[in-house]
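Asker: protein14.txt (compact mmCIF, C-alpha atoms) pasted underneath:
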# COMPACT_ATOMS: atom_id res chain seq x y z
CA MET A 1 0.00 0.00 0.00
CA ASP A 2 1.49 3.30 -1.09
CA LEU A 3 0.44 6.51 0.62
CA SER A 4 1.04 8.80 -2.34
CA LEU A 5 0.94 12.56 -2.65
CA SER A 6 -2.18 12.14 -4.79
CA ALA A 7 -3.94 10.38 -1.91
CA LEU A 8 -2.96 13.15 0.52
CA ALA A 9 -4.19 15.73 -2.01
CA LEU A 10 -7.50 13.87 -2.25
CA TYR A 11 -7.91 13.94 1.54
CA ALA A 12 -7.27 17.68 1.58
CA ALA A 13 -9.64 18.28 -1.33
CA THR A 14 -12.34 16.23 0.36
CA GLY A 15 -11.94 18.37 3.47
CA ILE A 16 -12.31 21.53 1.38
CA PHE A 17 -15.47 20.28 -0.32
CA SER A 18 -17.12 18.78 2.76
CA GLY A 19 -16.21 21.73 4.98
CA PHE A 20 -17.49 24.25 2.45
CA LEU A 21 -20.80 22.43 2.02
CA ALA A 22 -21.21 22.04 5.78
CA GLY A 23 -20.80 25.78 6.26
CA LEU A 24 -22.89 26.72 3.22
CA LEU A 25 -25.82 24.37 3.60
CA GLY A 26 -25.70 23.18 7.19
CA ILE A 27 -25.22 19.63 5.89
CA GLY A 28 -22.61 17.41 7.47
CA GLY A 29 -19.84 16.16 5.21
CA GLY A 30 -20.02 12.48 6.09
CA MET A 31 -21.80 11.49 2.90
CA ILE A 32 -19.01 13.15 0.92
CA ILE A 33 -16.14 11.97 3.09
CA VAL A 34 -17.06 8.27 3.20
CA PRO A 35 -17.17 7.64 -0.58
CA ALA A 36 -14.12 9.84 -1.22
CA LEU A 37 -12.12 7.93 1.37
CA LEU A 38 -13.31 4.59 0.05
CA TRP A 39 -12.26 5.59 -3.46
CA SER A 40 -8.85 6.72 -2.20
CA PHE A 41 -8.36 3.53 -0.16
CA HIS A 42 -9.24 1.50 -3.25
CA LEU A 43 -6.60 3.35 -5.29
CA GLN A 44 -4.05 2.76 -2.54
CA GLY A 45 -4.70 -0.97 -2.63
CA ILE A 46 -6.09 -1.23 0.89
CA SER A 47 -8.01 -4.45 1.42
CA PRO A 48 -11.72 -4.11 0.60
CA GLU A 49 -12.42 -6.15 3.72
CA VAL A 50 -11.43 -3.18 5.90
CA SER A 51 -11.61 -0.11 3.64
CA THR A 52 -15.35 0.58 4.06
CA HIS A 53 -15.14 0.36 7.85
CA MET A 54 -12.05 2.58 7.79
CA ALA A 55 -13.87 5.16 5.69
CA VAL A 56 -16.81 5.31 8.11
CA GLY A 57 -14.63 5.36 11.23
CA THR A 58 -12.33 8.06 9.88
CA SER A 59 -15.32 10.13 8.74
CA LEU A 60 -16.72 10.10 12.27
CA ALA A 61 -13.35 11.09 13.73
CA SER A 62 -13.13 14.04 11.34
CA ILE A 63 -16.61 15.20 12.39
CA LEU A 64 -15.43 15.08 16.00
CA LEU A 65 -12.65 17.53 15.22
CA THR A 66 -14.64 19.92 13.04
CA SER A 67 -17.94 20.05 14.92
CA VAL A 68 -16.63 22.24 17.73
CA SER A 69 -16.40 25.35 15.54
CA SER A 70 -19.93 24.87 14.23
CA VAL A 71 -21.38 24.34 17.70
CA ARG A 72 -19.65 27.44 19.05
CA THR A 73 -21.16 29.58 16.29
CA HIS A 74 -24.67 28.23 16.85
CA HIS A 75 -24.29 28.71 20.62
CA GLN A 76 -23.28 32.34 20.12
CA HIS A 77 -26.55 32.89 18.24
CA GLY A 78 -28.56 31.19 21.01
CA ASN A 79 -29.57 28.31 18.76
CA VAL A 80 -28.66 25.32 20.94
CA ASP A 81 -31.15 23.82 23.39
CA TRP A 82 -28.56 22.53 25.86
CA PRO A 83 -30.95 21.01 28.45
CA LEU A 84 -32.67 18.94 25.77
CA MET A 85 -29.39 17.98 24.08
CA ALA A 86 -27.96 16.84 27.43
CA LYS A 87 -30.66 14.17 27.56
CA LEU A 88 -30.61 13.37 23.85
CA SER A 89 -26.82 13.06 23.85
CA ILE A 90 -26.95 10.17 26.31
CA GLY A 91 -28.84 8.17 23.72
CA LEU A 92 -26.72 9.49 20.87
CA MET A 93 -23.54 8.22 22.52
CA ILE A 94 -25.01 4.85 23.46
CA GLY A 95 -26.43 4.34 19.99
CA SER A 96 -23.29 5.53 18.21
CA TRP A 97 -21.06 3.14 20.15
CA PHE A 98 -23.27 0.17 19.39
CA GLY A 99 -23.74 1.35 15.81
CA ALA A 100 -19.98 1.04 15.33
CA GLN A 101 -20.08 -2.52 16.65
CA ILE A 102 -23.03 -3.36 14.39
CA ALA A 103 -21.18 -1.93 11.38
CA HIS A 104 -18.08 -3.94 12.29
CA ALA A 105 -20.14 -7.13 12.33
CA MET A 106 -21.43 -6.45 8.83
CA PRO A 107 -19.59 -7.67 5.73
CA ALA A 108 -18.12 -4.74 3.80
CA ARG A 109 -20.56 -5.24 0.92
CA THR A 110 -23.60 -5.13 3.22
CA LEU A 111 -22.33 -1.92 4.79
CA GLN A 112 -21.84 -0.38 1.34
CA ILE A 113 -25.43 -1.23 0.34
CA ILE A 114 -26.82 0.31 3.53
CA ILE A 115 -24.81 3.51 3.00
CA ALA A 116 -25.92 3.59 -0.65
CA THR A 117 -29.56 3.36 0.39
CA PHE A 118 -29.17 6.27 2.79
CA ALA A 119 -27.34 8.37 0.17
CA LEU A 120 -30.11 7.75 -2.36
CA TRP A 121 -32.80 8.60 0.19
CA THR A 122 -31.05 11.81 1.25
CA GLY A 123 -30.36 12.80 -2.36
CA GLN A 124 -33.96 12.51 -3.47
CA HIS A 125 -35.07 14.36 -0.33
CA LEU A 126 -32.82 17.30 -1.22
CA LEU A 127 -33.95 17.29 -4.84
CA ARG A 128 -37.59 17.44 -3.80
CA GLY A 129 -36.75 20.35 -1.54
CA ARG A 130 -39.12 19.37 1.23
CA LYS A 131 -38.56 20.66 4.74
CA ALA A 132 -39.59 19.03 7.94
CA GLN A 133 -42.88 20.47 9.16
CA ALA A 134 -43.11 21.72 12.72
CA GLN A 135 -45.71 20.01 14.88
CA ASP A 136 -47.15 20.76 18.30
CA LYS A 137 -46.33 17.27 19.53
CA PRO A 138 -44.46 17.52 22.87
CA PHE A 139 -41.05 15.97 23.33
CA PRO A 140 -41.08 12.57 25.01
CA GLY A 141 -39.89 12.24 28.59
CA THR A 142 -36.30 11.59 29.52
CA ALA A 143 -36.47 7.86 28.73
CA GLY A 144 -38.17 8.51 25.38
CA THR A 145 -35.66 11.20 24.44
CA ILE A 146 -32.75 8.91 25.27
CA ALA A 147 -34.35 6.12 23.24
CA ALA A 148 -34.81 8.44 20.24
CA GLY A 149 -31.17 9.51 20.56
CA SER A 150 -30.08 5.87 20.61
CA VAL A 151 -31.82 5.21 17.30
CA ILE A 152 -30.33 8.34 15.70
CA GLY A 153 -26.87 7.55 17.08
CA THR A 154 -26.94 3.96 15.86
CA ALA A 155 -27.88 4.93 12.31
CA SER A 156 -25.42 7.82 12.24
CA ALA A 157 -22.47 5.62 13.25
CA ILE A 158 -23.33 3.07 10.58
CA PHE A 159 -23.52 5.78 7.91
CA GLY A 160 -20.48 7.72 9.17
CA ILE A 161 -22.40 10.98 9.59
CA GLY A 162 -22.95 13.55 12.32
CA GLY A 163 -26.66 12.84 12.43
CA GLY A 164 -28.04 16.23 11.42
CA SER A 165 -30.22 14.81 8.66
CA LEU A 166 -31.88 12.60 11.29
CA THR A 167 -31.83 14.85 14.35
CA VAL A 168 -33.24 17.99 12.69
CA PRO A 169 -36.49 16.31 11.53
CA PHE A 170 -36.94 14.81 15.01
CA LEU A 171 -36.56 18.19 16.70
CA VAL A 172 -38.72 20.07 14.20
CA HIS A 173 -41.42 17.41 14.45
CA HIS A 174 -41.65 18.22 18.13
CA GLY A 175 -42.09 21.94 17.57
CA MET A 176 -38.57 23.34 17.59
CA ARG A 177 -37.98 26.16 15.08
CA MET A 178 -35.65 25.29 12.24
CA GLN A 179 -32.68 27.50 13.18
CA ARG A 180 -32.63 26.16 16.75
CA ALA A 181 -33.09 22.60 15.50
CA VAL A 182 -30.08 22.93 13.18
CA GLY A 183 -27.95 24.38 15.97
CA SER A 184 -29.02 21.73 18.46
CA ALA A 185 -28.41 18.98 15.91
CA ALA A 186 -24.91 20.37 15.34
CA ALA A 187 -24.30 20.01 19.07
CA GLY A 188 -25.51 16.42 18.82
CA GLY A 189 -22.89 15.70 16.19
CA PHE A 190 -20.11 15.84 18.77
CA PRO A 191 -21.31 12.98 21.03
CA ILE A 192 -22.17 10.91 17.95
CA ALA A 193 -18.68 11.42 16.53
CA LEU A 194 -16.98 10.88 19.88
CA ALA A 195 -18.66 7.59 20.74
CA GLY A 196 -18.72 6.40 17.14
CA SER A 197 -15.05 7.05 16.44
CA LEU A 198 -14.07 5.40 19.72
CA GLY A 199 -16.35 2.50 18.83
CA PHE A 200 -14.67 2.04 15.44
CA LEU A 201 -11.24 2.36 17.04
CA TRP A 202 -12.16 -0.37 19.52
CA ALA A 203 -13.84 -2.61 16.95
CA GLY A 204 -10.86 -2.53 14.61
CA TRP A 205 -8.12 -2.72 17.25
CA SER A 206 -7.01 -6.25 16.37
CA GLU A 207 -8.36 -6.31 12.82
CA PRO A 208 -5.93 -7.93 10.34
CA GLY A 209 -5.12 -6.18 7.08
CA LEU A 210 -5.15 -2.60 8.38
CA PRO A 211 -2.54 -0.31 6.79
CA ALA A 212 0.25 1.44 8.64
CA GLY A 213 -0.93 4.74 10.08
CA SER A 214 -4.21 3.38 11.39
CA THR A 215 -5.45 2.77 14.92
CA GLY A 216 -8.38 0.45 14.72
CA PHE A 217 -10.54 1.72 11.88
CA ILE A 218 -9.23 5.29 12.22
CA TYR A 219 -6.72 6.17 9.48
CA TRP A 220 -4.65 9.11 10.72
CA PRO A 221 -3.17 10.45 7.43
CA ALA A 222 -6.67 10.83 6.02
CA LEU A 223 -7.98 12.31 9.26
CA LEU A 224 -5.24 14.94 9.33
CA GLY A 225 -5.72 15.98 5.70
CA LEU A 226 -9.50 16.16 6.09
CA SER A 227 -9.52 18.07 9.35
CA ILE A 228 -7.12 20.86 8.46
CA THR A 229 -8.89 21.90 5.27
CA SER A 230 -12.46 21.32 6.45
CA LEU A 231 -11.93 23.54 9.49
CA ILE A 232 -10.83 26.40 7.23
CA PHE A 233 -13.45 25.99 4.52
CA ALA A 234 -16.41 25.53 6.85
CA SER A 235 -15.96 29.19 7.71
CA VAL A 236 -15.64 30.08 4.02
CA GLY A 237 -18.88 28.24 3.29
CA ALA A 238 -20.70 29.99 6.11
CA HIS A 239 -19.75 33.38 4.68
CA ALA A 240 -20.66 32.29 1.13
CA ALA A 241 -24.11 31.27 2.38
CA GLN A 242 -24.97 34.94 2.54
CA ARG A 243 -24.44 35.38 -1.22
CA LEU A 244 -24.98 32.08 -3.06
CA PRO A 245 -28.34 30.46 -3.94
CA ALA A 246 -28.49 27.76 -1.27
CA ALA A 247 -31.69 26.14 -2.61
CA GLN A 248 -30.13 25.43 -6.00
CA LEU A 249 -26.91 24.25 -4.40
CA LYS A 250 -28.82 21.83 -2.20
CA ARG A 251 -30.33 20.32 -5.33
CA LEU A 252 -26.87 19.96 -6.88
CA PHE A 253 -25.75 18.24 -3.69
CA GLY A 254 -28.78 15.98 -3.99
CA ILE A 255 -27.66 14.95 -7.48
CA LEU A 256 -24.18 14.28 -6.10
CA LEU A 257 -25.62 12.04 -3.39
CA LEU A 258 -27.62 10.08 -5.96
CA ALA A 259 -24.38 9.51 -7.87
CA VAL A 260 -22.69 8.45 -4.62
CA GLY A 261 -25.50 5.97 -3.94
CA VAL A 262 -25.18 4.44 -7.39
CA GLN A 263 -21.39 4.26 -7.01
CA PHE A 264 -21.72 2.42 -3.72
CA LEU A 265 -24.19 -0.02 -5.25
CA PHE A 266 -22.14 -0.87 -8.31
CA GLY A 267 -18.60 0.52 -8.09
CA PHE A 268 -16.71 -0.82 -5.06
CA HIS A 269 -16.93 -4.61 -5.29
With the file now loaded, output its structure as structure tokens.

Answerer:
Amino acid sequence: MDLSLSALALYAATGIFSGFLAGLLGIGGGMIIVPALLWSFHLQGISPEVSTHMAVGTSLASILLTSVSSVRTHHQHGNVDWPLMAKLSIGLMIGSWFGAQIAHAMPARTLQIIIATFALWTGQHLLRGRKAQAQDKPFPGTAGTIAAGSVIGTASAIFGIGGGSLTVPFLVHHGMRMQRAVGSAAAGGFPIALAGSLGFLWAGWSEPGLPAGSTGFIYWPALLGLSITSLIFASVGAHAAQRLPAAQLKRLFGILLLAVGVQFLFGFH
């Protein structure tokens, strides 16, 4: 396995693209990072038996490092419901840890199909341009909120995402306004990424076939390249959001996700 300059450049470029979109559209970069990493790992000759799990684990670790800036900005605008997120985060962490173990137990091809299905679902949702509709339904009690967080965390760890596309509809459904739901969901991305990345590190600790530079299913060269550029360009994207047509860009991102879904279904086996 050769860690080439082209691979490092791809990691950095992926961080630029995912960070920019995260800042511009409020969409986490996991669905960009995972296929880009899998493609890069394929080119590097990393075993397909571990490359998909490495892509998901490294994606979660990168979200852990880049979510802090986003959460700080939302907090400064008063758009994080910390008391609610304290309860929800318990479930998010529990679910994310077990989601990593579930993903580890899956054959690589099964995991790819599940990620493809989610990418196709998210892509068509963005193309249709529908927004979650606020309801007057009250939030469940503490046990119900933790249970909901567990479901969101489990799915997010399997997909390698920060969970915003799942958490925001849940919060809006229970009457939270959109801006506060987005900010609160951003805060939820940190516990998902923390527990999920630790879960993938643990699950892959003794896994055979991992390349040098990895700890469990976390691949440090990719994580470093992603994190540096995504931190910078998330801010660039946030500023660009004031000038660019976000609705049209969301639809373009939807088309990209459809292409990602098709690639995962047919291109990596």

Asker: Got a sec to check which residues sit within 12 Å of (-10.6, 0.3, 1.3), counting all atoms listed in the file, and write them as an MDAnalysis selection string?

Answerer: chainID A and resid 1 34:58 108:109 112 209:211 217 219 268:269

Asker: Output C-alpha atoms for every residue in the selection just made, as an mmCIF file, in the coordinates of the input.

Answerer:
data_model
loop_
_atom_site.group_PDB
_atom_site.id
_atom_site.type_symbol
_atom_site.label_atom_id
_atom_site.label_comp_id
_atom_site.auth_asym_id
_atom_site.auth_seq_id
_atom_site.Cartn_x
_atom_site.Cartn_y
_atom_site.Cartn_z
ATOM 1 C CA MET A 1 0.000 0.000 0.000
ATOM 2 C CA VAL A 34 -17.060 8.270 3.200
ATOM 3 C CA PRO A 35 -17.170 7.640 -0.580
ATOM 4 C CA ALA A 36 -14.120 9.840 -1.220
ATOM 5 C CA LEU A 37 -12.120 7.930 1.370
ATOM 6 C CA LEU A 38 -13.310 4.590 0.050
ATOM 7 C CA TRP A 39 -12.260 5.590 -3.460
ATOM 8 C CA SER A 40 -8.850 6.720 -2.200
ATOM 9 C CA PHE A 41 -8.360 3.530 -0.160
ATOM 10 C CA HIS A 42 -9.240 1.500 -3.250
ATOM 11 C CA LEU A 43 -6.600 3.350 -5.290
ATOM 12 C CA GLN A 44 -4.050 2.760 -2.540
ATOM 13 C CA GLY A 45 -4.700 -0.970 -2.630
ATOM 14 C CA ILE A 46 -6.090 -1.230 0.890
ATOM 15 C CA SER A 47 -8.010 -4.450 1.420
ATOM 16 C CA PRO A 48 -11.720 -4.110 0.600
ATOM 17 C CA GLU A 49 -12.420 -6.150 3.720
ATOM 18 C CA VAL A 50 -11.430 -3.180 5.900
ATOM 19 C CA SER A 51 -11.610 -0.110 3.640
ATOM 20 C CA THR A 52 -15.350 0.580 4.060
ATOM 21 C CA HIS A 53 -15.140 0.360 7.850
ATOM 22 C CA MET A 54 -12.050 2.580 7.790
ATOM 23 C CA ALA A 55 -13.870 5.160 5.690
ATOM 24 C CA VAL A 56 -16.810 5.310 8.110
ATOM 25 C CA GLY A 57 -14.630 5.360 11.230
ATOM 26 C CA THR A 58 -12.330 8.060 9.880
ATOM 27 C CA ALA A 108 -18.120 -4.740 3.800
ATOM 28 C CA ARG A 109 -20.560 -5.240 0.920
ATOM 29 C CA GLN A 112 -21.840 -0.380 1.340
ATOM 30 C CA GLY A 209 -5.120 -6.180 7.080
ATOM 31 C CA LEU A 210 -5.150 -2.600 8.380
ATOM 32 C CA PRO A 211 -2.540 -0.310 6.790
ATOM 33 C CA PHE A 217 -10.540 1.720 11.880
ATOM 34 C CA TYR A 219 -6.720 6.170 9.480
ATOM 35 C CA PHE A 268 -16.710 -0.820 -5.060
ATOM 36 C CA HIS A 269 -16.930 -4.610 -5.290
#

Asker: Need the neighbours of (-22.3, -2.5, 9.2): which residues are at most 10 Å away, counting all atoms listed in the file, as a list in words?

Answerer: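 Every polymer residue passing the test: Thr52, His53, Val56, Gly99, Ala100, Gln101, Ile102, Ala103, His104, Ala105, Met106, Pro107, Ala108, Arg109, Thr110, Leu111, Gln112, Ile113, Ile114, Ile115, Ala155, Ala157, Ile158 and Phe159 of chain A.
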
Asker: I'd like the interatomic distance between CA of Val260 in chain A and CA of Gly160 in chain A, to a tenth of an Å.

Answerer: 14.0 Å

Asker: Choose the residue, out of A:Ile94, A:Leu223, A:Ala13, A:Ala185, that has the smallest atom-to-atom separation from Val151 in chain A; count only C-alpha atoms.

Answerer: A:Ile94

Asker: Report the distance between CA of Phe233 in chain A and CA of Thr73 in chain A in Å, rounded to one decimal place.

Answerer: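 Calculated distance between CA of Phe233 in chain A and CA of Thr73 in chain A is 14.5 Å.
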
Asker: Measuring atom to atom with only C-alpha atoms, identify which of A:Thr167, A:Ser89, A:Thr122, A:Ser18 is nearest to Thr66 in chain A.

Answerer: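 Once distances to Thr66 in chain A are computed over only C-alpha atoms, the minimum belongs to A:Ser18.
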
Asker: When distances are computed from all atoms listed in the file, which of A:Gly95, A:Gly199, A:Gly19, A:Gly163 shows the smallest separation from Gly216 in chain A?

Answerer: A:Gly199
